[in-house]
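Enquirer: Pasting in a structure now, in structure tokens, and then I'll have a few things to ask.
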Amino acid sequence: MFRYLTAGESHGPALVGILDGLPAGLRLDVDAINATLLARQGGYGRGNRMKIESDQIEFLAGVRGSYTLGSPIAVVVRNRDYENNRELMDPITGAGKPLTNPRPGHADYAGALKYRHRDLRNVLERASARETAMRVALGAICAQFLGALGIRTHAWVSRIGSVEAPPIDAFDEEAFAASDVRCPNQNASASMIAAIEAAKSAGDTLGGTFTIRIEGMPVGIGSNRQPDTRLDGILAGALMGMQTVKAVEVGAGSEVASKPGSQAHDTFGIDSGEVTRGSNRAGGIEGGMSNGQPIVLRVSVKPIPTLMKALSSVNLHEGTEAPASIVRSDVCVVPAASIVGEAMARLALTGPVLEKYGGDSMEEVLDNLNRSNAAAQRLFK
């Protein structure tokens with residue numbers, strides 16, 4: 001069984017993660033993991049917190065000589081900003097003036113009532129997207145497992161505010177690297193940056209959409225046997241677990257609702273004896289299982305709820321109307337969210353892949369994958 005846990009507060013000493021179920025013998029590239037953590041900190045529209053942090057993964061257990069041992073992997077990412085907040089956030093002595101004005105759209109109000117907290121800081125510290133640094137670290141480990149099986153993921157920004165980039169059929173690494181908003185379309189990137197600047201000047205925030213493309217997926221990952229084993233449900237659930245995500249679409253998504261069946265599905269054909277598909281409207285998943293085509297996901301992200309021009313709220317202690325609390329934050333997190341979303345897709349895929357090809361070691365996993373592929377090729381011969 002594959003599973004993971006994260007722990008830690010936004011301004012606490014550190015973020016902690018445990019990854020359980022990866023096979024032994026997977027070689028880990030620490031530099032690649034740290035490069036992914038750095039990517040999460042970037043993207044146009046990020047706030048000053050990212051100038052303080054310099055995220056690096058530290059391994060505490062489950063790895064020796066850069067290879068996984070098959071035991072649970074324990075990692076930590078330190079919060080440098082903790083030193084500036086020790087008086088507030090020390091696990092034993094931490095105290096300070098309570099935050100009392102909940103932000104519309106945040107976990108502040110519901111969490112305060114759920115956990116009976118009179119200080120909203122006790123809610124927002126864990127609800128903060130700072131926690132996603134650990135998800136990205138764990139997802140980067142999973143990326144190396146999936147990569148060993150030939151499965152690759154790409155994520156890019158396709159919309160910020162009202163600016164939408166034209167659809168792309170293939171990921172352009174060079175164009176992507178040149179964009180400050182992680183959008184491979186140069187003209188759209190420039191317009192997105194302008195939109196972020198306008199929102200910043202107005203004390204406002206912007207949401208948007210990012211796309212995830214997963215290539216190299218074998219046929220048959222996931223299942224139609226039970227609702228909770230469907231691959232589309234597993235991926236959508238993982239992505240909806242992100243702090244700012246409001247919608248997830250697979251393939252053509254909501255667009256198919258207005259189409260007749262003749263324009264909604266992917267026809268079959270034969271080319272040189274091989275089965276082909278006429279399109280990929282299903283986004284690589286049919287009947288809850290991967291069908292061998294690239295998996296394509298579109299994820300919509302709301303504008304973050306901390307505005308420099310605060311929204312109307314209340315003071316819960318005084319029972320009066322008051323502006324929402326202002327906590328240091330970003331103007332637009334969509335570029336960073338694309339990195340987190342890619343990590344969530346990697347984490348979500350690892351379990352179903354291990355369920356089909358799992359073993360105690362990477363050697364055994366690869367043997368199982370090769371045998372399964374060979375059997376599938378003989379099925380209709």
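Quick note on naming: the chains in the structure tokens go A, B, ... in the order shown, residues restart at 1 in each chain, and ligands are numbered from 1 in order of appearance.
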Give me the residues of segment 115-220 of chain A that have any atom at most 9 Å from an atom of segment 96-106 of chain A; for each, the nearest atom pair and the distance in Å, rounded to one decimal. Use only C-alpha atoms, sort by chain and number, and format it as a tab-separated table.
Expert:
residue	atom	partner	partner_atom	distance
A:Arg118	CA	A:Pro98	CA	7.4
A:Asp119	CA	A:Pro98	CA	4.6
A:Leu120	CA	A:Leu99	CA	5.2
A:Arg121	CA	A:Leu99	CA	6.0
A:Leu124	CA	A:His106	CA	8.0
A:Ala127	CA	A:His106	CA	8.2
Enquirer: When DSSP is applied to the backbone of this structure, which of segment 103-322 of chain A are assigned helix (DSSP H, G or I)? Write them out as number ranges by chain.
Expert: A: 108-115, 121-127, 129-148, 173-177, 186-201, 227-229, 231-240, 253-258, 261-263
Enquirer: Could you list, as a PDB file with N, CA and C atoms, in the first residue's frame, every residue within 6 Å of segment 11-27 of chain A, counting only C-alpha atoms and ignoring same-chain residues fewer than 4 positions away?
Expert:
ATOM      1  N   MET A   1       0.838  -1.190   0.000  1.00  0.00           N
ATOM      2  CA  MET A   1       0.000   0.000   0.000  1.00  0.00           C
ATOM      3  C   MET A   1       0.879   1.249   0.000  1.00  0.00           C
ATOM      4  N   PHE A   2       0.527   2.202  -0.851  1.00  0.00           N
ATOM      5  CA  PHE A   2       1.268   3.458  -0.942  1.00  0.00           C
ATOM      6  C   PHE A   2       0.477   4.547  -0.233  1.00  0.00           C
ATOM      7  N   ARG A   3       1.166   5.362   0.561  1.00  0.00           N
ATOM      8  CA  ARG A   3       0.494   6.454   1.266  1.00  0.00           C
ATOM      9  C   ARG A   3       1.520   7.516   1.645  1.00  0.00           C
ATOM     10  N   TYR A   4       1.003   8.700   1.969  1.00  0.00           N
ATOM     11  CA  TYR A   4       1.894   9.772   2.399  1.00  0.00           C
ATOM     12  C   TYR A   4       1.179  10.662   3.394  1.00  0.00           C
ATOM     13  N   LEU A   5       1.961  11.354   4.211  1.00  0.00           N
ATOM     14  CA  LEU A   5       1.453  12.312   5.175  1.00  0.00           C
ATOM     15  C   LEU A   5       2.350  13.539   5.178  1.00  0.00           C
ATOM     16  N   THR A   6       1.756  14.701   5.446  1.00  0.00           N
ATOM     17  CA  THR A   6       2.550  15.908   5.667  1.00  0.00           C
ATOM     18  C   THR A   6       2.163  16.500   7.011  1.00  0.00           C
ATOM     19  N   ALA A   7       3.084  17.263   7.584  1.00  0.00           N
ATOM     20  CA  ALA A   7       2.822  17.977   8.831  1.00  0.00           C
ATOM     21  C   ALA A   7       3.607  19.280   8.811  1.00  0.00           C
ATOM     22  N   SER A  66      21.789   7.384  -1.542  1.00  0.00           N
ATOM     23  CA  SER A  66      20.921   7.897  -2.620  1.00  0.00           C
ATOM     24  C   SER A  66      19.928   6.870  -3.146  1.00  0.00           C
ATOM     25  N   TYR A  67      19.818   5.705  -2.509  1.00  0.00           N
ATOM     26  CA  TYR A  67      18.868   4.674  -2.937  1.00  0.00           C
ATOM     27  C   TYR A  67      17.825   4.435  -1.849  1.00  0.00           C
ATOM     28  N   THR A  68      16.567   4.250  -2.273  1.00  0.00           N
ATOM     29  CA  THR A  68      15.512   3.926  -1.318  1.00  0.00           C
ATOM     30  C   THR A  68      15.755   2.540  -0.729  1.00  0.00           C
ATOM     31  N   LEU A  69      15.347   2.383   0.534  1.00  0.00           N
ATOM     32  CA  LEU A  69      15.559   1.121   1.244  1.00  0.00           C
ATOM     33  C   LEU A  69      14.311   0.244   1.257  1.00  0.00           C
ATOM     34  N   GLY A  70      13.176   0.786   0.799  1.00  0.00           N
ATOM     35  CA  GLY A  70      11.919   0.049   0.877  1.00  0.00           C
ATOM     36  C   GLY A  70      11.166   0.327   2.163  1.00  0.00           C
ATOM     37  N   PRO A  72       9.752   3.278   5.140  1.00  0.00           N
ATOM     38  CA  PRO A  72       9.169   4.613   5.000  1.00  0.00           C
ATOM     39  C   PRO A  72      10.250   5.684   4.848  1.00  0.00           C
ATOM     40  N   ILE A  73       9.989   6.613   3.932  1.00  0.00           N
ATOM     41  CA  ILE A  73      10.915   7.725   3.689  1.00  0.00           C
ATOM     42  C   ILE A  73      10.418   8.929   4.487  1.00  0.00           C
ATOM     43  N   ALA A  74      11.287   9.481   5.326  1.00  0.00           N
ATOM     44  CA  ALA A  74      10.954  10.665   6.123  1.00  0.00           C
ATOM     45  C   ALA A  74      11.818  11.821   5.666  1.00  0.00           C
ATOM     46  N   VAL A  75      11.186  12.966   5.400  1.00  0.00           N
ATOM     47  CA  VAL A  75      11.915  14.141   4.903  1.00  0.00           C
ATOM     48  C   VAL A  75      11.461  15.385   5.650  1.00  0.00           C
ATOM     49  N   VAL A  76      12.284  16.434   5.588  1.00  0.00           N
ATOM     50  CA  VAL A  76      11.957  17.702   6.213  1.00  0.00           C
ATOM     51  C   VAL A  76      12.385  18.839   5.292  1.00  0.00           C
ATOM     52  N   VAL A  77      11.604  19.917   5.282  1.00  0.00           N
ATOM     53  CA  VAL A  77      11.968  21.169   4.623  1.00  0.00           C
ATOM     54  C   VAL A  77      11.866  22.263   5.683  1.00  0.00           C
ATOM     55  N   ARG A  78      12.958  22.928   5.977  1.00  0.00           N
ATOM     56  CA  ARG A  78      12.986  23.939   7.032  1.00  0.00           C
ATOM     57  C   ARG A  78      12.296  25.225   6.587  1.00  0.00           C
ATOM     58  N   ASN A  79      11.651  25.890   7.534  1.00  0.00           N
ATOM     59  CA  ASN A  79      11.074  27.217   7.309  1.00  0.00           C
ATOM     60  C   ASN A  79      12.037  28.277   7.843  1.00  0.00           C
ATOM     61  N   TYR A  82      10.697  31.021  10.184  1.00  0.00           N
ATOM     62  CA  TYR A  82      10.406  30.701  11.579  1.00  0.00           C
ATOM     63  C   TYR A  82      11.205  31.587  12.526  1.00  0.00           C
ATOM     64  N   MET A  89       5.279  31.400  17.085  1.00  0.00           N
ATOM     65  CA  MET A  89       5.069  30.039  16.613  1.00  0.00           C
ATOM     66  C   MET A  89       5.874  28.968  17.324  1.00  0.00           C
ATOM     67  N   ASP A 360       8.667  -5.459  -4.191  1.00  0.00           N
ATOM     68  CA  ASP A 360       9.466  -4.974  -3.066  1.00  0.00           C
ATOM     69  C   ASP A 360      10.695  -4.197  -3.517  1.00  0.00           C
ATOM     70  N   SER A 361      11.094  -4.382  -4.772  1.00  0.00           N
ATOM     71  CA  SER A 361      12.274  -3.698  -5.295  1.00  0.00           C
ATOM     72  C   SER A 361      11.973  -3.126  -6.669  1.00  0.00           C
ATOM     73  N   MET A 362      12.767  -2.157  -7.112  1.00  0.00           N
ATOM     74  CA  MET A 362      12.593  -1.613  -8.447  1.00  0.00           C
ATOM     75  C   MET A 362      12.812  -2.677  -9.509  1.00  0.00           C
TER      76      MET A 362
END
Enquirer: By how many Å are atom CA of Ile141 of chain A and atom CA of Ile214 of chain A apart?
Expert: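 These two atoms are separated by 16.2 Å.
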Enquirer: So which residues touch Gln144 of chain A within 10 Å, counting only C-alpha atoms, skipping near sequence neighbours fewer than 6 positions away, as an NGL selection string?
Expert: :A and (26-29 or 32-33 or 150-152 or 346)
Enquirer: Mind dumping the selected residues with C-alpha atoms as an mmCIF file, in the first residue's frame?
Expert:
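Written output follows (selection_6.cif):
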data_model
loop_
_atom_site.group_PDB
_atom_site.id
_atom_site.type_symbol
_atom_site.label_atom_id
_atom_site.label_comp_id
_atom_site.auth_asym_id
_atom_site.auth_seq_id
_atom_site.Cartn_x
_atom_site.Cartn_y
_atom_site.Cartn_z
ATOM 1 C CA LEU A 26 15.116 3.557 -6.575
ATOM 2 C CA ARG A 27 17.997 5.965 -7.072
ATOM 3 C CA LEU A 28 17.060 9.507 -6.033
ATOM 4 C CA ASP A 29 18.460 12.656 -7.619
ATOM 5 C CA ALA A 32 16.321 17.419 -9.223
ATOM 6 C CA ILE A 33 14.055 17.431 -6.153
ATOM 7 C CA GLY A 150 8.680 5.709 -18.636
ATOM 8 C CA ILE A 151 5.889 7.930 -17.262
ATOM 9 C CA ARG A 152 6.485 11.685 -17.598
ATOM 10 C CA ARG A 346 2.485 12.292 -9.451
#
Enquirer: With distances taken over only C-alpha atoms, which of A:Ser325, A:Val275, A:Ala345, A:Gly220 is nearest to Val248 of chain A?
Expert: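 Checking each of A:Ser325, A:Val275, A:Ala345, A:Gly220 against Val248 of chain A, counting only C-alpha atoms, the winner is A:Ala345.
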Enquirer: Using only C-alpha atoms, which protein or nucleic acid residues come within 7 Å of Ala322 of chain A? Drop anything in the same chain fewer than 3 positions from it, and give the result as a short mmCIF file (atom, residue, chain, number, x, y, z; two decimals) with C-alpha atoms, in the first residue's frame.
Expert:
data_model
loop_
_atom_site.label_atom_id
_atom_site.label_comp_id
_atom_site.auth_asym_id
_atom_site.auth_seq_id
_atom_site.Cartn_x
_atom_site.Cartn_y
_atom_site.Cartn_z
CA SER A 312 -15.47 43.07 4.17
CA SER A 313 -15.50 40.78 7.19
CA VAL A 314 -16.23 40.79 10.94
CA ASN A 315 -14.31 40.88 14.21
#
Enquirer: Can you pull out the residues contacting Ser279 of chain A? Cut-off 8 Å, using only C-alpha atoms, and skip same-chain residues under 5 positions away; I want them as a list in words.
Expert: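 Within the cut-off, the hits are His265, Asp266 and Thr267 of chain A.
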Enquirer: Kindly export the residues of the current selection with N, CA and C atoms, as a CSV table (one decimal), in the first residue's frame.
Expert:
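Everything below was put into again-v1.csv:
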chain,number,residue,atom,x,y,z
A,265,HIS,N,-16.6,11.5,-28.6
A,265,HIS,CA,-15.8,10.3,-28.3
A,265,HIS,C,-14.6,10.1,-29.3
A,266,ASP,N,-13.7,9.2,-28.9
A,266,ASP,CA,-12.5,9.0,-29.7
A,266,ASP,C,-12.6,7.7,-30.5
A,267,THR,N,-12.7,7.8,-31.8
A,267,THR,CA,-12.9,6.6,-32.6
A,267,THR,C,-11.7,5.8,-32.7
